[in-house]
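**Q** My structure is stored as query34.pdb, with PDB, C-alpha atoms.
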```
ATOM      1  CA  MET A  20      85.916  61.954 126.658
ATOM      2  CA  VAL A  21      85.209  61.632 122.917
ATOM      3  CA  TYR A  22      81.703  62.365 121.622
ATOM      4  CA  SER A  23      80.204  60.560 118.632
ATOM      5  CA  TYR A  24      77.480  61.958 116.363
ATOM      6  CA  VAL A  25      75.335  60.279 113.751
ATOM      7  CA  ILE A  26      75.160  63.351 111.506
ATOM      8  CA  ASP A  27      78.011  65.531 110.313
ATOM      9  CA  MET A  28      78.895  68.459 112.512
ATOM     10  CA  ARG A  29      79.200  71.846 110.837
ATOM     11  CA  ALA A  30      80.997  74.867 112.271
ATOM     12  CA  ARG A  31      81.589  78.523 111.466
ATOM     13  CA  ILE A  32      85.112  79.895 111.630
ATOM     14  CA  LEU A  33      85.514  82.724 114.138
ATOM     15  CA  ASP A  34      89.248  83.325 113.911
ATOM     16  CA  GLY A  35      92.530  81.497 113.641
ATOM     17  CA  THR A  36      96.212  81.598 112.844
ATOM     18  CA  LYS A  37      98.337  79.216 110.802
ATOM     19  CA  ASN A  38      96.293  75.984 110.679
ATOM     20  CA  VAL A  39      94.416  76.157 114.004
ATOM     21  CA  PHE A  40      91.025  77.880 114.043
ATOM     22  CA  ASP A  41      88.385  78.667 116.634
ATOM     23  CA  ALA A  42      85.074  77.464 115.231
ATOM     24  CA  GLU A  43      81.519  77.797 116.557
ATOM     25  CA  CYS A  44      79.923  74.390 116.146
ATOM     26  CA  ASP A  45      76.303  73.402 115.560
ATOM     27  CA  ASP A  46      76.024  72.176 119.141
ATOM     28  CA  GLY A  47      76.870  75.649 120.454
ATOM     29  CA  LEU A  48      80.422  74.881 121.545
ATOM     30  CA  VAL A  49      83.475  76.750 120.305
ATOM     31  CA  ARG A  50      86.246  74.292 119.498
ATOM     32  CA  SER A  51      89.875  74.664 118.545
ATOM     33  CA  CYS A  52      89.993  72.992 115.141
ATOM     34  CA  ALA A  53      92.928  71.787 113.087
ATOM     35  CA  ILE A  54      92.773  70.939 109.398
ATOM     36  CA  LYS A  55      92.951  67.197 108.882
ATOM     37  CA  GLY A  56      95.965  66.521 106.700
ATOM     38  CA  LYS A  57      96.387  69.036 103.844
ATOM     39  CA  ILE A  58      92.935  68.544 102.386
ATOM     40  CA  LEU A  59      92.149  72.285 102.177
ATOM     41  CA  LYS A  60      95.584  73.547 101.212
ATOM     42  CA  SER A  61      95.730  71.733  97.903
ATOM     43  CA  ASP A  62      92.862  73.726  96.358
ATOM     44  CA  SER A  63      93.556  77.118  97.949
ATOM     45  CA  PRO A  64      95.517  79.938  96.271
ATOM     46  CA  TYR A  65      95.684  81.764  99.625
ATOM     47  CA  TYR A  66      98.375  81.469 102.254
ATOM     48  CA  ASN A  67      95.592  81.237 104.845
ATOM     49  CA  PRO A  68      93.179  78.448 103.852
ATOM     50  CA  LEU A  69      90.268  79.693 106.000
ATOM     51  CA  ALA A  70      88.887  83.042 107.145
ATOM     52  CA  PRO A  71      86.257  84.301 109.597
ATOM     53  CA  GLY A  72      82.818  83.523 108.191
ATOM     54  CA  ASP A  73      83.816  80.259 106.515
ATOM     55  CA  VAL A  74      81.603  77.220 107.157
ATOM     56  CA  VAL A  75      83.388  73.901 107.554
ATOM     57  CA  ASN A  76      82.509  70.263 108.177
ATOM     58  CA  LEU A  77      84.115  68.479 111.092
ATOM     59  CA  ASP A  78      85.233  64.885 111.494
ATOM     60  CA  ASP A  79      82.643  63.589 113.965
ATOM     61  CA  ALA A  80      84.922  60.728 114.973
ATOM     62  CA  THR A  81      87.423  63.184 116.469
ATOM     63  CA  LEU A  82      85.041  65.547 118.279
ATOM     64  CA  GLU A  83      85.974  66.425 121.834
ATOM     65  CA  GLU A  84      84.530  69.055 124.090
ATOM     66  CA  GLY A  85      87.239  71.564 123.151
ATOM     67  CA  LYS A  86      88.795  70.211 119.962
ATOM     68  CA  ALA A  87      87.950  68.853 116.527
ATOM     69  CA  GLN A  88      89.402  68.272 113.079
ATOM     70  CA  ILE A  89      88.224  70.018 109.925
ATOM     71  CA  LEU A  90      87.374  67.682 107.059
ATOM     72  CA  SER A  91      86.124  70.034 104.350
ATOM     73  CA  LEU A  92      85.024  73.548 103.452
ATOM     74  CA  GLU A  93      81.468  74.419 102.438
ATOM     75  CA  PRO A  94      81.197  76.415  99.171
ATOM     76  CA  ARG A  95      81.568  80.126  99.861
ATOM     77  CA  ARG A  96      78.817  82.576  98.918
ATOM     78  CA  ASN A  97      81.569  85.155  98.458
ATOM     79  CA  GLU A  98      85.021  85.989  99.751
ATOM     80  CA  PHE A  99      86.996  89.170 100.292
ATOM     81  CA  VAL A 100      90.680  89.053  99.458
ATOM     82  CA  ARG A 101      93.646  91.415  99.328
ATOM     83  CA  TRP A 102      97.121  90.982  97.912
ATOM     84  CA  ASN A 103      99.599  90.680 100.788
ATOM     85  CA  ILE A 104     102.710  92.373  99.450
ATOM     86  CA  LYS A 105     104.945  91.111 102.266
ATOM     87  CA  ARG A 106     104.127  87.444 101.680
ATOM     88  CA  ARG A 107     103.614  87.859  97.917
ATOM     89  CA  LEU A 108     100.403  85.848  98.176
ATOM     90  CA  PRO A 109      96.678  86.643  98.345
ATOM     91  CA  GLN A 110      95.223  86.914 101.850
ATOM     92  CA  LEU A 111      91.665  85.822 102.542
ATOM     93  CA  LEU A 112      90.125  88.373 104.942
ATOM     94  CA  ALA A 113      86.490  87.260 105.293
ATOM     95  CA  ALA A 114      83.871  85.003 103.726
ATOM     96  CA  ASN A 115      80.093  84.743 103.308
ATOM     97  CA  LEU A 116      79.345  88.446 103.748
ATOM     98  CA  ASP A 117      76.196  90.506 103.433
ATOM     99  CA  TYR A 118      78.125  93.792 103.523
ATOM    100  CA  LEU A 119      81.665  95.030 103.226
ATOM    101  CA  ILE A 120      82.021  98.075 105.482
ATOM    102  CA  LEU A 121      84.818 100.297 104.159
ATOM    103  CA  VAL A 122      85.827 102.670 106.944
ATOM    104  CA  THR A 123      87.596 105.928 106.128
ATOM    105  CA  THR A 124      88.129 109.314 107.765
ATOM    106  CA  PRO A 125      88.465 112.898 106.544
ATOM    107  CA  ASP A 126      91.563 113.201 108.748
ATOM    108  CA  GLU A 127      93.454 111.491 111.601
ATOM    109  CA  PRO A 128      94.698 109.486 109.717
ATOM    110  CA  PRO A 129      94.785 111.520 106.492
ATOM    111  CA  PHE A 130      92.051 110.883 103.934
ATOM    112  CA  ARG A 131      93.120 108.160 101.465
ATOM    113  CA  PRO A 132      90.454 107.899  98.748
ATOM    114  CA  ARG A 133      92.467 105.436  96.678
ATOM    115  CA  PHE A 134      92.418 102.958  99.565
ATOM    116  CA  ILE A 135      88.633 103.020  99.294
ATOM    117  CA  ASP A 136      88.624 102.919  95.480
ATOM    118  CA  ARG A 137      90.879  99.850  95.458
ATOM    119  CA  ALA A 138      88.635  98.103  97.985
ATOM    120  CA  LEU A 139      85.525  99.089  95.993
ATOM    121  CA  ALA A 140      87.031  97.543  92.853
ATOM    122  CA  GLN A 141      87.844  94.338  94.750
ATOM    123  CA  ALA A 142      84.292  94.252  96.147
ATOM    124  CA  GLU A 143      82.875  94.680  92.624
ATOM    125  CA  TYR A 144      85.093  91.836  91.421
ATOM    126  CA  GLU A 145      83.953  89.599  94.295
ATOM    127  CA  ASN A 146      80.274  90.658  93.922
ATOM    128  CA  ILE A 147      80.004  91.878  97.516
ATOM    129  CA  THR A 148      77.859  94.889  98.479
ATOM    130  CA  PRO A 149      80.153  97.624  99.831
ATOM    131  CA  VAL A 150      79.114 100.442 102.152
ATOM    132  CA  ILE A 151      81.452 103.382 102.756
ATOM    133  CA  VAL A 152      81.492 104.589 106.368
ATOM    134  CA  CYS A 153      83.093 107.984 106.948
ATOM    135  CA  ASN A 154      84.049 108.034 110.626
ATOM    136  CA  LYS A 155      85.246 111.128 112.531
ATOM    137  CA  TYR A 156      82.768 113.200 110.566
ATOM    138  CA  ASP A 157      82.883 115.725 113.402
ATOM    139  CA  LEU A 158      86.397 116.818 112.364
ATOM    140  CA  PRO A 159      86.809 120.127 110.481
ATOM    141  CA  ALA A 160      88.406 118.279 107.553
ATOM    142  CA  ALA A 161      84.985 116.766 106.752
ATOM    143  CA  LYS A 162      84.121 120.127 105.187
ATOM    144  CA  GLU A 163      87.208 120.306 102.951
ATOM    145  CA  ASP A 164      86.698 120.214  99.190
ATOM    146  CA  LEU A 165      88.570 116.993  98.355
ATOM    147  CA  PHE A 166      86.720 114.964 100.972
ATOM    148  CA  CYS A 167      83.289 116.418 100.107
ATOM    149  CA  ASP A 168      83.847 116.034  96.358
ATOM    150  CA  MET A 169      84.982 112.410  96.714
ATOM    151  CA  VAL A 170      82.018 111.502  98.913
ATOM    152  CA  GLU A 171      79.698 113.133  96.377
ATOM    153  CA  ALA A 172      81.346 111.157  93.547
ATOM    154  CA  TRP A 173      80.820 107.858  95.397
ATOM    155  CA  GLU A 174      77.194 108.683  96.169
ATOM    156  CA  LYS A 175      76.512 109.761  92.578
ATOM    157  CA  ILE A 176      77.468 106.304  91.239
ATOM    158  CA  GLY A 177      75.242 104.525  93.738
ATOM    159  CA  TYR A 178      77.454 103.640  96.670
ATOM    160  CA  GLN A 179      75.861 104.040 100.075
ATOM    161  CA  VAL A 180      77.892 106.426 102.224
ATOM    162  CA  LEU A 181      77.239 106.777 105.956
ATOM    163  CA  LYS A 182      78.682 109.825 107.725
ATOM    164  CA  ILE A 183      79.251 108.977 111.354
ATOM    165  CA  SER A 184      81.245 109.815 114.453
ATOM    166  CA  ALA A 185      81.971 107.158 117.046
ATOM    167  CA  LYS A 186      82.955 110.039 119.339
ATOM    168  CA  THR A 187      79.725 112.081 119.120
ATOM    169  CA  GLY A 188      77.299 109.323 118.099
ATOM    170  CA  GLU A 189      76.323 111.029 114.842
ATOM    171  CA  GLY A 190      75.005 108.530 112.291
ATOM    172  CA  MET A 191      75.422 105.503 114.566
ATOM    173  CA  MET A 192      71.716 104.629 114.504
ATOM    174  CA  ASP A 193      71.815 104.428 110.699
ATOM    175  CA  LEU A 194      74.854 102.142 110.850
ATOM    176  CA  ALA A 195      73.194  99.913 113.465
ATOM    177  CA  ALA A 196      70.072  99.600 111.288
ATOM    178  CA  LEU A 197      72.212  98.534 108.340
ATOM    179  CA  LEU A 198      74.138  95.899 110.314
ATOM    180  CA  LYS A 199      71.100  94.378 112.049
ATOM    181  CA  ASP A 200      70.892  90.585 111.514
ATOM    182  CA  LYS A 201      73.645  90.715 108.867
ATOM    183  CA  THR A 202      77.248  89.548 108.560
ATOM    184  CA  SER A 203      79.574  92.429 107.740
ATOM    185  CA  ALA A 204      83.343  92.808 107.528
ATOM    186  CA  PHE A 205      84.987  96.052 108.623
ATOM    187  CA  VAL A 206      87.960  97.026 106.448
ATOM    188  CA  GLY A 207      90.073 100.151 106.736
ATOM    189  CA  GLN A 208      93.451 101.673 107.401
ATOM    190  CA  SER A 209      94.941 101.532 110.871
ATOM    191  CA  GLY A 210      93.595 104.409 112.943
ATOM    192  CA  VAL A 211      90.269 105.005 111.162
ATOM    193  CA  GLY A 212      88.377 103.838 114.259
ATOM    194  CA  LYS A 213      86.974 100.396 113.431
ATOM    195  CA  SER A 214      87.367  99.217 117.013
ATOM    196  CA  SER A 215      85.894 102.441 118.404
ATOM    197  CA  ILE A 216      82.836 102.036 116.174
ATOM    198  CA  ILE A 217      82.316  98.442 117.345
ATOM    199  CA  ASN A 218      82.669  99.533 120.986
ATOM    200  CA  VAL A 219      79.859 102.077 120.460
ATOM    201  CA  LEU A 220      77.630  99.606 118.612
ATOM    202  CA  ASP A 221      77.850  97.192 121.560
ATOM    203  CA  ASN A 222      79.058  98.774 124.780
ATOM    204  CA  SER A 223      79.629  95.351 126.336
ATOM    205  CA  VAL A 224      82.401  94.727 123.805
ATOM    206  CA  VAL A 225      85.723  96.266 124.773
ATOM    207  CA  LEU A 226      88.153  96.263 121.865
ATOM    208  CA  ARG A 227      91.537  97.881 122.281
ATOM    209  CA  THR A 228      91.797 101.131 120.345
ATOM    210  CA  GLY A 229      95.054 102.556 119.048
ATOM    211  CA  SER A 230      96.594 106.001 119.059
ATOM    212  CA  LEU A 231      97.894 107.810 116.007
ATOM    213  CA  SER A 232     101.589 108.116 115.330
ATOM    214  CA  GLN A 233     102.417 111.780 115.915
ATOM    215  CA  LYS A 234     105.263 111.669 113.389
ATOM    216  CA  TYR A 235     103.356 110.263 110.443
ATOM    217  CA  GLY A 236      99.667 110.696 111.328
ATOM    218  CA  ARG A 237      99.111 106.966 110.833
ATOM    219  CA  GLY A 238      97.274 104.585 113.073
ATOM    220  CA  THR A 239      98.896 101.842 115.107
ATOM    221  CA  HIS A 240      97.754  98.270 114.575
ATOM    222  CA  THR A 241      95.432  97.041 117.323
ATOM    223  CA  THR A 242      93.772  94.137 115.489
ATOM    224  CA  THR A 243      96.382  91.560 114.482
ATOM    225  CA  LYS A 244      94.059  88.927 113.016
ATOM    226  CA  GLY A 245      90.530  88.849 111.641
ATOM    227  CA  SER A 246      87.836  87.821 114.078
ATOM    228  CA  LEU A 247      84.088  87.224 113.805
ATOM    229  CA  MET A 248      82.087  88.417 116.785
ATOM    230  CA  HIS A 249      78.392  88.298 117.613
ATOM    231  CA  ILE A 250      77.368  91.664 119.004
ATOM    232  CA  LYS A 251      74.190  92.916 120.599
ATOM    233  CA  LEU A 252      73.402  96.382 119.354
ATOM    234  CA  ASP A 253      73.067  99.029 122.048
ATOM    235  CA  GLU A 254      69.382  99.688 122.787
ATOM    236  CA  ALA A 255      70.019 103.409 122.352
ATOM    237  CA  LEU A 256      70.754 102.648 118.687
ATOM    238  CA  THR A 257      67.750 100.381 118.102
ATOM    239  CA  GLY A 258      64.967 102.575 119.457
ATOM    240  CA  GLY A 259      64.917 100.673 122.747
ATOM    241  CA  VAL A 260      64.521  97.224 121.188
ATOM    242  CA  LYS A 261      66.511  94.655 123.157
ATOM    243  CA  GLY A 262      68.514  91.738 121.842
ATOM    244  CA  VAL A 263      69.078  92.987 118.276
ATOM    245  CA  GLY A 264      72.143  91.221 116.950
ATOM    246  CA  ALA A 265      74.732  91.611 114.223
ATOM    247  CA  ASP A 266      77.767  89.609 113.165
ATOM    248  CA  ILE A 267      80.890  91.657 112.551
ATOM    249  CA  ILE A 268      84.245  90.527 111.202
ATOM    250  CA  ASP A 269      86.900  92.955 112.402
ATOM    251  CA  THR A 270      89.836  92.734 109.988
ATOM    252  CA  PRO A 271      93.381  93.927 110.747
ATOM    253  CA  GLY A 272      94.074  97.527 109.829
ATOM    254  CA  VAL A 273      96.459  97.947 106.932
ATOM    255  CA  ARG A 274      98.281 100.926 105.439
ATOM    256  CA  ARG A 275      97.628  99.892 101.832
ATOM    257  CA  PHE A 276      94.929  97.775 100.264
ATOM    258  CA  LEU A 277      96.231  96.077  97.114
ATOM    259  CA  LEU A 278      94.058  94.372  94.543
ATOM    260  CA  HIS A 279      94.111  90.629  93.958
ATOM    261  CA  ASP A 280      93.299  88.990  90.615
ATOM    262  CA  VAL A 281      92.282  92.297  89.002
ATOM    263  CA  SER A 282      94.713  93.182  86.212
ATOM    264  CA  ALA A 283      95.394  96.689  84.972
ATOM    265  CA  ASP A 284      93.683  95.878  81.672
ATOM    266  CA  ASN A 285      90.510  94.671  83.433
ATOM    267  CA  LEU A 286      90.391  97.353  86.133
ATOM    268  CA  ALA A 287      87.869  99.506  84.225
ATOM    269  CA  LEU A 288      85.342  96.663  84.457
ATOM    270  CA  TYR A 289      85.214  97.164  88.227
ATOM    271  CA  PHE A 290      84.768 100.948  88.188
ATOM    272  CA  ARG A 291      81.004 100.799  87.858
ATOM    273  CA  GLU A 292      80.527 104.200  86.206
ATOM    274  CA  PHE A 293      82.919 103.189  83.401
ATOM    275  CA  GLN A 294      80.804 100.202  82.388
ATOM    276  CA  PRO A 295      78.231 101.989  80.125
ATOM    277  CA  PHE A 296      81.087 103.345  77.992
ATOM    278  CA  LEU A 297      83.303 100.258  77.683
ATOM    279  CA  GLY A 298      83.443  98.863  74.146
ATOM    280  CA  LYS A 299      82.150 102.125  72.672
ATOM    281  CA  CYS A 300      85.590 103.654  72.086
ATOM    282  CA  ALA A 301      86.998 104.029  68.576
ATOM    283  CA  PHE A 302      89.387 101.182  69.376
ATOM    284  CA  GLY A 303      86.704  99.074  71.076
ATOM    285  CA  MET A 304      87.721  96.964  74.056
ATOM    286  CA  SER A 305      91.409  97.415  73.181
ATOM    287  CA  CYS A 306      91.284 101.105  74.170
ATOM    288  CA  SER A 307      93.460 101.909  77.178
ATOM    289  CA  HIS A 308      91.308 104.983  78.032
ATOM    290  CA  ILE A 309      94.451 107.077  78.415
ATOM    291  CA  GLY A 310      95.630 108.704  75.179
ATOM    292  CA  GLU A 311      93.554 107.364  72.294
ATOM    293  CA  GLU A 312      91.384 109.542  70.077
ATOM    294  CA  GLY A 313      87.698 108.654  70.222
ATOM    295  CA  CYS A 314      87.823 107.218  73.760
ATOM    296  CA  ALA A 315      84.257 107.045  75.123
ATOM    297  CA  VAL A 316      85.500 106.919  78.713
ATOM    298  CA  LYS A 317      87.538 110.113  78.437
ATOM    299  CA  GLN A 318      84.634 111.775  76.645
ATOM    300  CA  ALA A 319      82.368 110.747  79.533
ATOM    301  CA  VAL A 320      84.780 112.473  81.925
ATOM    302  CA  GLN A 321      84.602 115.663  79.831
ATOM    303  CA  ASP A 322      80.795 115.433  79.684
ATOM    304  CA  GLY A 323      80.489 115.040  83.465
ATOM    305  CA  HIS A 324      79.273 111.420  83.434
ATOM    306  CA  ILE A 325      82.453 110.193  85.155
ATOM    307  CA  SER A 326      83.994 112.163  88.017
ATOM    308  CA  PRO A 327      87.510 113.468  87.230
ATOM    309  CA  LEU A 328      88.487 112.383  90.750
ATOM    310  CA  ARG A 329      87.421 108.801  90.070
ATOM    311  CA  TYR A 330      89.086 108.805  86.643
ATOM    312  CA  ASP A 331      92.311 110.029  88.263
ATOM    313  CA  SER A 332      91.984 107.323  90.903
ATOM    314  CA  TRP A 333      91.443 104.669  88.209
ATOM    315  CA  LEU A 334      94.480 105.943  86.269
ATOM    316  CA  ARG A 335      96.746 105.840  89.321
ATOM    317  CA  ILE A 336      95.598 102.332  90.266
ATOM    318  CA  PHE A 337      95.942 101.246  86.612
ATOM    319  CA  ASN A 338      99.565 102.423  86.608
ATOM    320  CA  GLU A 339     100.186 100.708  89.948
ATOM    321  CA  GLN A 340      98.833  97.395  88.699
ATOM    322  CA  ARG A 341     100.889  97.655  85.525
ATOM    323  CA  SER A 342     104.175  98.748  87.148
ATOM    324  CA  GLY A 343     103.952  96.935  90.484
ATOM    325  CA  ARG A 344     104.897 100.177  92.285
ATOM    326  CA  PHE A 345     102.217 101.200  94.744
ATOM    327  CA  GLU A 346     101.329 104.588  96.226
ATOM    328  CA  ASP A 347      99.376 105.421  99.379
TER
END
```
Would you mind writing the structure in this file as structure tokens?
**A**
Amino acid sequence: MVYSYVIDMRARILDGTKNVFDAECDDGLVRSCAIKGKILKSDSPYYNPLAPGDVVNLDDATLEEGKAQILSLEPRRNEFVRWNIKRRLPQLLAANLDYLILVTTPDEPPFRPRFIDRALAQAEYENITPVIVCNKYDLPAAKEDLFCDMVEAWEKIGYQVLKISAKTGEGMMDLAALLKDKTSAFVGQSGVGKSSIINVLDNSVVLRTGSLSQKYGRGTHTTTKGSLMHIKLDEALTGGVKGVGADIIDTPGVRRFLLHDVSADNLALYFREFQPFLGKCAFGMSCSHIGEEGCAVKQAVQDGHISPLRYDSWLRIFNEQRSGRFED
């Protein structure tokens, strides 16, 4: 039976592959939706035209109880993108976010600060508020110098850092308070515990968690596509208040996060602590901030205004973007 509506039907994308997407419609039904013709592809630089969090308009003439066709895309408030090196195209991970939750660990898998610094730069470029979540904070490596110094550097420049353990429950109440009534995307390497965190936030959700590769200390992929889920936060994390919700987009774990649309020459614009010193070098905006005399950025590193760890991270990412050869 085909249903007809006088007004347009809107829907929110939950997940999807290729050109078929599960969408939560205004009438409360979740429908399997196909894109009508190639109307969205023509304007999209991404190999996936839609992502979890997108809002679309449906063709009301084609609505059925379980199916519909997508006519158009509502303007996005923001979008989070990475460069997919295998496909050689940008990949849209999530849209219309309140927070980008960047999950890392001091160990198991090994700490990868440049993964976080790349994602922070992309978030700055996209104007999305990032929050760094350090999971497995109960591990001994959380007390090692590199990890502690990097966390301190992020906090010093104004990034919110939450130190949690999905295993022990440490910090989970603070994370739940942040996520309450918001839409947040979880991004991180395979094995950092995104699924475990979500399982603790809502114990009625059972997401498959992966084990670490013993040979390489890397996580195995358990999330193969991004998915938006409505969770109810565990009452133990909300002070006994029932029915507190949050929307979470669980993105696939990746080994590397590569920047999209941020060139080597513009990278400094998206390292927020560099910004007060840009244009003040002897060579102005043409300074590379590497070897020139009178570089205000390098002077700021010497004066303690920019962390040497962050400068080193910027330099490595700068060289990656320029050469096209990427490190972990």
**Q** Show which residues sit within 7 Å of region 43-59 of chain A, as a short mmCIF file (atom, residue, chain, number, x, y, z; two decimals) with C-alpha atoms, in the coordinates of the input. Count all atoms listed in the file, and ignore same-chain residues fewer than 6 positions away.
**A**
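Result file is result-v3.cif:
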```
data_model
loop_
_atom_site.label_atom_id
_atom_site.label_comp_id
_atom_site.auth_asym_id
_atom_site.auth_seq_id
_atom_site.Cartn_x
_atom_site.Cartn_y
_atom_site.Cartn_z
CA MET A 28 78.90 68.46 112.51
CA ARG A 29 79.20 71.85 110.84
CA ALA A 30 81.00 74.87 112.27
CA ARG A 31 81.59 78.52 111.47
CA ILE A 32 85.11 79.90 111.63
CA LEU A 33 85.51 82.72 114.14
CA PRO A 68 93.18 78.45 103.85
CA GLY A 85 87.24 71.56 123.15
CA LYS A 86 88.80 70.21 119.96
CA ALA A 87 87.95 68.85 116.53
CA GLN A 88 89.40 68.27 113.08
CA ILE A 89 88.22 70.02 109.92
CA LEU A 90 87.37 67.68 107.06
CA SER A 91 86.12 70.03 104.35
#
```
**Q** Could you list, as a list in words, every residue within 12 Å of Asp331 (chain A), counting all atoms listed in the file and ignoring same-chain residues fewer than 6 positions away?
**A**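 Non-adjacent residues within range: Pro132, Arg133, Asp136, Met169, Phe290, His308, Ile309, Lys317, Val320, Ile325, Phe337 and Asn338 of chain A.
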**Q** Write to file, as a PDB file, in the coordinates of the input, the residues of the selection just made, with C-alpha atoms.
**A**
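Here's the written file result05.pdb:
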```pdb
ATOM      1  CA  PRO A 132      90.454 107.899  98.748  1.00  0.00           C
ATOM      2  CA  ARG A 133      92.467 105.436  96.678  1.00  0.00           C
ATOM      3  CA  ASP A 136      88.624 102.919  95.480  1.00  0.00           C
ATOM      4  CA  MET A 169      84.982 112.410  96.714  1.00  0.00           C
ATOM      5  CA  PHE A 290      84.768 100.948  88.188  1.00  0.00           C
ATOM      6  CA  HIS A 308      91.308 104.983  78.032  1.00  0.00           C
ATOM      7  CA  ILE A 309      94.451 107.077  78.415  1.00  0.00           C
ATOM      8  CA  LYS A 317      87.538 110.113  78.437  1.00  0.00           C
ATOM      9  CA  VAL A 320      84.780 112.473  81.925  1.00  0.00           C
ATOM     10  CA  ILE A 325      82.453 110.193  85.155  1.00  0.00           C
ATOM     11  CA  PHE A 337      95.942 101.246  86.612  1.00  0.00           C
ATOM     12  CA  ASN A 338      99.565 102.423  86.608  1.00  0.00           C
TER      13      ASN A 338
END
```
**Q** Where does the PyMOL selection byres ((chain A and resi 265) around 7) land in this file, that is, which residues does it pick, as a PyMOL selection string?
**A** chain A and resi 198-202+249-251+264+266-267
**Q** Run through the PyMOL selection byres ((chain A and resi 107) around 12) on the given coordinates and return the selected residues as a list of chain:residue names.
**A**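 Answer for the PyMOL selection byres ((chain A and resi 107) around 12): A:Pro64, A:Tyr65, A:Tyr66, A:Arg101, A:Trp102, A:Asn103, A:Ile104, A:Lys105, A:Arg106, A:Leu108, A:Pro109, A:Gln110, A:Leu277, A:His279, A:Gly343.
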**Q** I'd like the neighbourhood of Thr123 (chain A) as a PyMOL selection string, where a residue qualifies if any of its atoms comes within 10 Å (using only C-alpha atoms), though same-chain residues fewer than 6 positions away should be ignored.
**A** chain A and resi 129-132+134-135+151-156+182+206-213
**Q** For a test of reading the model, state the distance in Å between CA of Glu93 (chain A) and CA of Pro71 (chain A), rounded to one decimal.
**A**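 Calculated distance between CA of Glu93 (chain A) and CA of Pro71 (chain A) is 13.1 Å.
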**Q** Write out as a PyMOL selection string each polymer residue whose atoms come within 9 Å of Tyr178 (chain A), counting only C-alpha atoms; drop sequence neighbours fewer than 5 positions from it.
**A** chain A and resi 148-151+173
**Q** Using all atoms of region 67-79 of chain A that appear in the file, construct an axis-aligned enclosing box with 6 Å of padding on every side and provide its centre coordinates and edge lengths in Å, rounded to one decimal, as JSON.
**A**
```
{"center_x": 88.6, "center_y": 73.9, "center_z": 108.9, "size_x": 26.0, "size_y": 32.7, "size_z": 22.1}
```
**Q** Can you list, as a list in words, the residues that the PyMOL selection byres ((chain A and resi 185-187) around 7) selects here?
**A**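 Against this file, the PyMOL selection byres ((chain A and resi 185-187) around 7) returns the residues Asn154, Lys155, Ile183, Ser184, Gly188, Glu189, Ser215, Ile216 and Val219 of chain A.
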**Q** As number ranges by chain, please: the residues near Ser326 (chain A) (cut-off 10 Å, all atoms listed in the file, same-chain neighbours under 4 positions excluded).
**A** A: 168-169, 171-173, 175-176, 292, 319-322, 330-332
**Q** Kindly indicate which residue among A:Ser246, A:Pro128, A:Ala142, A:Asn218 lies nearest to Asp73 (chain A), using only C-alpha atoms for the distances.
**A**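 Of A:Ser246, A:Pro128, A:Ala142, A:Asn218, the one nearest Asp73 (chain A) is A:Ser246, counting only C-alpha atoms.
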**Q** Mind pulling up the distance from CA of Ala138 (chain A) to CA of Leu278 (chain A)?
**A**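 Interatomic distance, CA of Leu278 (chain A) to CA of Ala138 (chain A): 7.4 Å.
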**Q** Which residue gives the smallest distance to Leu111 (chain A) among A:Ser203, A:Asn76, A:Thr270, A:Thr124, with all atoms listed in the file counted?
**A**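 Among A:Ser203, A:Asn76, A:Thr270, A:Thr124, it is A:Thr270 that comes nearest to Leu111 (chain A).
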**Q** In Å to one decimal, how far is CA of Ala140 (chain A) from CA of Leu158 (chain A)?
**A** 27.4 Å
